[in-house]
Amino acid sequence: DWNMPDYVSEAVERIRAEVGDEEVILGLSGGVDSSVAAALIHRAIGDQLTCVFVDNGLLRLNEAEQVMETFGRSLGVRVIHVDAADTFMGHLEGVSDPEAKRKIIGREFVEVFQDQAAKLPNAKWLAQGTIYPDVIESAGSKTKKAHTIKSHHNVGGLPETLNLKLLEPLRELFKDEVRELGIALGLPHDMVYRHPFPGPGLGVRILGEVKPEYADILRQADAIFIDELRAADWYDKTSQAFAVFLPVKSVGVMGDGRTYDYVVALRAVQTQDFMTAHWAELPHSLLGRVSNRIINEVRGVNRVVYDISGKPPATIEWE
Ligand code: XMP
């Protein structure tokens, strides 16, 4: 009983009525929620919307290009692309504690976003891709807080000091409805059905200290894993899959020589709610192809392992 074309035109009317002729800014992460929010708001108010896309140097391979291609070129959304990789990497230097890394990445995002917001003095609204489960979760967060194992920094954590009114057009929607809406708005299938990606990005998939060299290795390994999962029709059968960089060197042989290189771990899980998860029983042949390709194609890696830990006791991410 959910009629999509009607829903879209109602949502568009509501946004127009709320915003009037004022300007809106939105932090676009490339994730499903902020992407759908951006597409919907753009449908409603066009160039009154400006998106800010922050490249923190911890994104997946070609992610920035893909976001700019989809929003900037295909949909004609006004997007400011901020390349802040050096800033983020600089602040992460020497930091190896997972929670400390999360705090730095979250704080830097706010800094960068605030700088951009200051350049758009006409903006009166901050749009966010908050969805219904986020609303429920933050309503219960007082009691939940004591049980939080990892602090989550999302685009959502922007401060009230921005003095902007909040525009949250997805507040009543569940994830599957957000996805349907994204398709109806013309977003690519692969973007709308992409696995979740944590706010701190590769920052929590590089164990310990984050270095640009490690991020480059991880990006390549991760892209190969996802590529092969898609080719084997396993991507949609897993809830989340990714590579993890281990800053550990082990010995290998290549041709006549001895190698002494890093280890990459592969993680793929199946879950309904991400609170508990099973490791995915990927075919050995698929794991073998991924391992061969990573070792052959990614310089600096000579060993690939597969994570067979459930949640609990392991978490999905390694940090
Ligand atoms: P864990 O590792 O706690 O992950 O089993 C559960 C889900 O949460 C995601 N995750 C995060 N998402 N900021 C985020 O936005 C974070 O700091 C963060 N840490 C974990 C993780 O990818 C998984 O989907």
# chains A, B, ... in the order shown; residues from 1 in each chain; ligands from 1
$ select_by_dssp --residues "range 37-271 of chain A" --states "helix (DSSP H, G or I)" --output "PDB file with C-alpha atoms, in the first residue's frame"
ATOM      1  CA  ALA A  37      18.253  12.475   1.094  1.00  0.00           C
ATOM      2  CA  ALA A  38      20.360  14.517  -1.337  1.00  0.00           C
ATOM      3  CA  ALA A  39      18.541  13.180  -4.398  1.00  0.00           C
ATOM      4  CA  LEU A  40      15.114  13.819  -2.838  1.00  0.00           C
ATOM      5  CA  ILE A  41      15.912  17.335  -1.652  1.00  0.00           C
ATOM      6  CA  HIS A  42      17.495  18.156  -5.001  1.00  0.00           C
ATOM      7  CA  ARG A  43      14.316  16.972  -6.742  1.00  0.00           C
ATOM      8  CA  ALA A  44      12.375  19.372  -4.517  1.00  0.00           C
ATOM      9  CA  ILE A  45      14.533  22.502  -4.500  1.00  0.00           C
ATOM     10  CA  GLY A  46      17.286  22.042  -7.112  1.00  0.00           C
ATOM     11  CA  ASP A  47      20.162  24.475  -6.667  1.00  0.00           C
ATOM     12  CA  GLN A  48      18.906  25.700  -3.299  1.00  0.00           C
ATOM     13  CA  GLU A  63      34.693   6.356  -4.207  1.00  0.00           C
ATOM     14  CA  ALA A  64      35.119  10.112  -4.491  1.00  0.00           C
ATOM     15  CA  GLU A  65      35.065   9.936  -8.298  1.00  0.00           C
ATOM     16  CA  GLN A  66      31.913   7.803  -8.207  1.00  0.00           C
ATOM     17  CA  VAL A  67      30.072  10.169  -5.886  1.00  0.00           C
ATOM     18  CA  MET A  68      31.041  13.206  -7.968  1.00  0.00           C
ATOM     19  CA  GLU A  69      30.070  11.381 -11.164  1.00  0.00           C
ATOM     20  CA  THR A  70      26.648  10.324  -9.872  1.00  0.00           C
ATOM     21  CA  PHE A  71      25.661  13.534  -8.126  1.00  0.00           C
ATOM     22  CA  GLY A  72      27.660  16.195  -9.882  1.00  0.00           C
ATOM     23  CA  ARG A  73      27.420  15.011 -13.468  1.00  0.00           C
ATOM     24  CA  SER A  74      24.440  12.644 -13.768  1.00  0.00           C
ATOM     25  CA  ALA A  85      43.034  13.560   3.038  1.00  0.00           C
ATOM     26  CA  ASP A  86      46.264  15.258   4.139  1.00  0.00           C
ATOM     27  CA  THR A  87      44.551  16.992   7.056  1.00  0.00           C
ATOM     28  CA  PHE A  88      42.978  13.770   8.318  1.00  0.00           C
ATOM     29  CA  MET A  89      46.169  11.761   7.833  1.00  0.00           C
ATOM     30  CA  GLY A  90      48.165  14.423   9.622  1.00  0.00           C
ATOM     31  CA  HIS A  91      45.943  14.321  12.685  1.00  0.00           C
ATOM     32  CA  LEU A  92      45.983  10.529  12.736  1.00  0.00           C
ATOM     33  CA  PRO A  98      40.616   2.633  17.874  1.00  0.00           C
ATOM     34  CA  GLU A  99      38.410   4.975  19.893  1.00  0.00           C
ATOM     35  CA  ALA A 100      40.970   7.772  19.708  1.00  0.00           C
ATOM     36  CA  LYS A 101      41.042   7.348  15.915  1.00  0.00           C
ATOM     37  CA  ARG A 102      37.230   7.495  15.760  1.00  0.00           C
ATOM     38  CA  LYS A 103      37.194  10.690  17.812  1.00  0.00           C
ATOM     39  CA  ILE A 104      39.786  12.373  15.607  1.00  0.00           C
ATOM     40  CA  ILE A 105      38.032  11.413  12.380  1.00  0.00           C
ATOM     41  CA  GLY A 106      34.658  12.563  13.748  1.00  0.00           C
ATOM     42  CA  ARG A 107      36.105  15.840  15.025  1.00  0.00           C
ATOM     43  CA  GLU A 108      37.967  16.587  11.792  1.00  0.00           C
ATOM     44  CA  PHE A 109      34.828  15.977   9.788  1.00  0.00           C
ATOM     45  CA  VAL A 110      32.977  18.555  11.875  1.00  0.00           C
ATOM     46  CA  GLU A 111      35.853  21.044  11.428  1.00  0.00           C
ATOM     47  CA  VAL A 112      35.961  20.629   7.667  1.00  0.00           C
ATOM     48  CA  PHE A 113      32.195  20.799   7.382  1.00  0.00           C
ATOM     49  CA  GLN A 114      32.010  23.943   9.499  1.00  0.00           C
ATOM     50  CA  ASP A 115      34.614  25.632   7.298  1.00  0.00           C
ATOM     51  CA  GLN A 116      32.516  24.871   4.248  1.00  0.00           C
ATOM     52  CA  ALA A 117      29.295  25.969   5.941  1.00  0.00           C
ATOM     53  CA  ALA A 118      30.942  29.310   6.756  1.00  0.00           C
ATOM     54  CA  TYR A 132      13.499   5.924  11.362  1.00  0.00           C
ATOM     55  CA  PRO A 133      15.766   3.369  13.082  1.00  0.00           C
ATOM     56  CA  ASP A 134      18.223   6.232  13.901  1.00  0.00           C
ATOM     57  CA  VAL A 135      15.365   8.188  15.496  1.00  0.00           C
ATOM     58  CA  ILE A 136      14.429   5.204  17.675  1.00  0.00           C
ATOM     59  CA  GLU A 137      18.044   4.528  18.567  1.00  0.00           C
ATOM     60  CA  SER A 138      18.821   8.047  19.730  1.00  0.00           C
ATOM     61  CA  ALA A 139      15.569   8.134  21.718  1.00  0.00           C
ATOM     62  CA  SER A 141      20.456   6.194  23.750  1.00  0.00           C
ATOM     63  CA  LYS A 142      20.396   7.274  27.415  1.00  0.00           C
ATOM     64  CA  THR A 143      19.880   3.725  28.562  1.00  0.00           C
ATOM     65  CA  LYS A 144      21.909   2.229  25.749  1.00  0.00           C
ATOM     66  CA  LYS A 145      24.986   4.305  26.306  1.00  0.00           C
ATOM     67  CA  ALA A 146      26.391   2.159  29.079  1.00  0.00           C
ATOM     68  CA  HIS A 147      26.409  -0.787  26.679  1.00  0.00           C
ATOM     69  CA  VAL A 155      27.662  12.532   9.330  1.00  0.00           C
ATOM     70  CA  GLY A 156      24.880  12.912  11.919  1.00  0.00           C
ATOM     71  CA  GLY A 157      27.130  14.264  14.638  1.00  0.00           C
ATOM     72  CA  GLU A 160      24.157  22.832  17.139  1.00  0.00           C
ATOM     73  CA  THR A 161      26.611  25.730  16.957  1.00  0.00           C
ATOM     74  CA  LEU A 162      26.065  25.688  13.199  1.00  0.00           C
ATOM     75  CA  LYS A 175      16.020   1.153   5.279  1.00  0.00           C
ATOM     76  CA  ASP A 176      14.229  -0.863   2.585  1.00  0.00           C
ATOM     77  CA  GLU A 177      11.884   2.077   1.927  1.00  0.00           C
ATOM     78  CA  VAL A 178      14.857   4.426   1.662  1.00  0.00           C
ATOM     79  CA  ARG A 179      16.357   2.083  -0.942  1.00  0.00           C
ATOM     80  CA  GLU A 180      13.124   1.962  -2.968  1.00  0.00           C
ATOM     81  CA  LEU A 181      12.950   5.726  -2.837  1.00  0.00           C
ATOM     82  CA  GLY A 182      16.561   5.966  -4.039  1.00  0.00           C
ATOM     83  CA  ILE A 183      15.778   3.791  -7.064  1.00  0.00           C
ATOM     84  CA  ALA A 184      12.671   5.872  -7.821  1.00  0.00           C
ATOM     85  CA  HIS A 189      21.307   0.220  -8.081  1.00  0.00           C
ATOM     86  CA  ASP A 190      24.854  -0.454  -6.864  1.00  0.00           C
ATOM     87  CA  MET A 191      24.856   2.703  -4.757  1.00  0.00           C
ATOM     88  CA  VAL A 192      21.450   2.040  -3.238  1.00  0.00           C
ATOM     89  CA  GLY A 201      35.973   4.379   6.889  1.00  0.00           C
ATOM     90  CA  LEU A 202      39.245   2.559   6.326  1.00  0.00           C
ATOM     91  CA  GLY A 203      40.479   4.226   9.518  1.00  0.00           C
ATOM     92  CA  VAL A 204      39.062   1.332  11.540  1.00  0.00           C
ATOM     93  CA  PRO A 212      48.637   6.644   3.630  1.00  0.00           C
ATOM     94  CA  GLU A 213      50.707   3.692   2.358  1.00  0.00           C
ATOM     95  CA  TYR A 214      48.510   1.250   4.307  1.00  0.00           C
ATOM     96  CA  ALA A 215      45.335   2.915   3.043  1.00  0.00           C
ATOM     97  CA  ASP A 216      46.524   2.549  -0.560  1.00  0.00           C
ATOM     98  CA  ILE A 217      47.236  -1.152  -0.094  1.00  0.00           C
ATOM     99  CA  LEU A 218      43.915  -1.740   1.652  1.00  0.00           C
ATOM    100  CA  ARG A 219      41.905   0.105  -1.002  1.00  0.00           C
ATOM    101  CA  GLN A 220      43.327  -2.119  -3.739  1.00  0.00           C
ATOM    102  CA  ALA A 221      42.829  -5.342  -1.797  1.00  0.00           C
ATOM    103  CA  ASP A 222      39.288  -4.393  -0.824  1.00  0.00           C
ATOM    104  CA  ALA A 223      38.345  -3.533  -4.406  1.00  0.00           C
ATOM    105  CA  ILE A 224      39.569  -6.938  -5.608  1.00  0.00           C
ATOM    106  CA  PHE A 225      37.569  -8.733  -2.906  1.00  0.00           C
ATOM    107  CA  ILE A 226      34.353  -6.840  -3.735  1.00  0.00           C
ATOM    108  CA  ASP A 227      34.942  -7.290  -7.452  1.00  0.00           C
ATOM    109  CA  GLU A 228      35.226 -11.072  -7.105  1.00  0.00           C
ATOM    110  CA  LEU A 229      32.252 -11.251  -4.729  1.00  0.00           C
ATOM    111  CA  ARG A 230      30.100  -9.484  -7.295  1.00  0.00           C
ATOM    112  CA  ALA A 231      31.395 -11.653 -10.137  1.00  0.00           C
ATOM    113  CA  TYR A 235      27.824  -9.685  -2.896  1.00  0.00           C
ATOM    114  CA  ASP A 236      24.066  -9.597  -2.297  1.00  0.00           C
ATOM    115  CA  LYS A 237      24.230 -12.777  -0.235  1.00  0.00           C
TER     116      LYS A 237
END
$ select_by_dssp --residues "range 63-134 of chain A" --states "strand (DSSP E)" --output "PyMOL selection string"
chain A and resi 78-83+123-127
$ closest_residue --among "A:Leu28, A:Leu286, A:Ile149, A:Leu166" --to "ligand 1" --atoms "only C-alpha atoms and all ligand atoms"
A:Ile149
$ closest_residue --among "A:Phe242, A:Phe53, A:Tyr193, A:Trp125" --to "Glu23 in chain A" --atoms "only C-alpha atoms"
A:Trp125
$ closest_atom_pairs --of "chain A" --to "ligand 1" --cutoff "8 Å" --atoms "only C-alpha atoms and all ligand atoms" --output "Markdown table"
| residue | atom | partner | partner_atom_place_in_ligand_line | distance |
| --- | --- | --- | --- | --- |
| A:Arg102 | CA | ligand 1 | 17 (O) | 6.1 |
| A:Ile149 | CA | ligand 1 | 3 (O) | 6.9 |
| A:Lys150 | CA | ligand 1 | 19 (N) | 6.0 |
| A:Ser151 | CA | ligand 1 | 17 (O) | 5.6 |
| A:His152 | CA | ligand 1 | 17 (O) | 3.7 |
| A:His153 | CA | ligand 1 | 13 (N) | 4.7 |
| A:Asn154 | CA | ligand 1 | 15 (O) | 4.8 |
| A:Pro196 | CA | ligand 1 | 24 (O) | 5.6 |
| A:Phe197 | CA | ligand 1 | 22 (O) | 5.4 |
| A:Pro198 | CA | ligand 1 | 12 (N) | 3.6 |
| A:Gly199 | CA | ligand 1 | 15 (O) | 3.8 |
| A:Pro200 | CA | ligand 1 | 17 (O) | 5.6 |
| A:Gly201 | CA | ligand 1 | 13 (N) | 7.7 |
| A:Val204 | CA | ligand 1 | 19 (N) | 7.5 |
| A:Gln240 | CA | ligand 1 | 24 (O) | 6.9 |
| A:Phe274 | CA | ligand 1 | 6 (C) | 5.2 |
| A:Met275 | CA | ligand 1 | 6 (C) | 6.4 |
| A:Thr276 | CA | ligand 1 | 5 (O) | 7.5 |
| A:Ala277 | CA | ligand 1 | 5 (O) | 8.0 |
| A:Lys311 | CA | ligand 1 | 5 (O) | 6.7 |
| A:Ala314 | CA | ligand 1 | 5 (O) | 7.4 |
| A:Thr315 | CA | ligand 1 | 5 (O) | 3.7 |
| A:Ile316 | CA | ligand 1 | 5 (O) | 3.7 |
| A:Glu317 | CA | ligand 1 | 2 (O) | 3.6 |
| A:Trp318 | CA | ligand 1 | 2 (O) | 6.5 |
| A:Glu319 | CA | ligand 1 | 2 (O) | 6.6 |
$ closest_residue --among "A:Arg171, A:Lys119, A:Arg293, A:Lys165" --to "Ile131 in chain A" --atoms "only C-alpha atoms"
A:Arg171
$ atom_distance --atom1 "CA of Ser9 in chain A" --atom2 "CA of Arg194 in chain A"
25.5 Å
$ residues_around --residues "Asp261 in chain A" --least-positions-apart "5" --cutoff "7 Å" --atoms "only C-alpha atoms" --output "mmCIF file with C-alpha atoms, in the first residue's frame"
data_model
loop_
_atom_site.group_PDB
_atom_site.id
_atom_site.type_symbol
_atom_site.label_atom_id
_atom_site.label_comp_id
_atom_site.auth_asym_id
_atom_site.auth_seq_id
_atom_site.Cartn_x
_atom_site.Cartn_y
_atom_site.Cartn_z
ATOM 1 C CA LYS A 249 54.922 -8.738 8.155
ATOM 2 C CA SER A 250 55.332 -12.395 7.349
ATOM 3 C CA VAL A 251 57.758 -14.288 5.154
ATOM 4 C CA GLY A 300 53.265 -5.142 -0.302
ATOM 5 C CA VAL A 301 50.988 -8.092 0.479
ATOM 6 C CA ASN A 302 52.139 -11.721 0.457
#
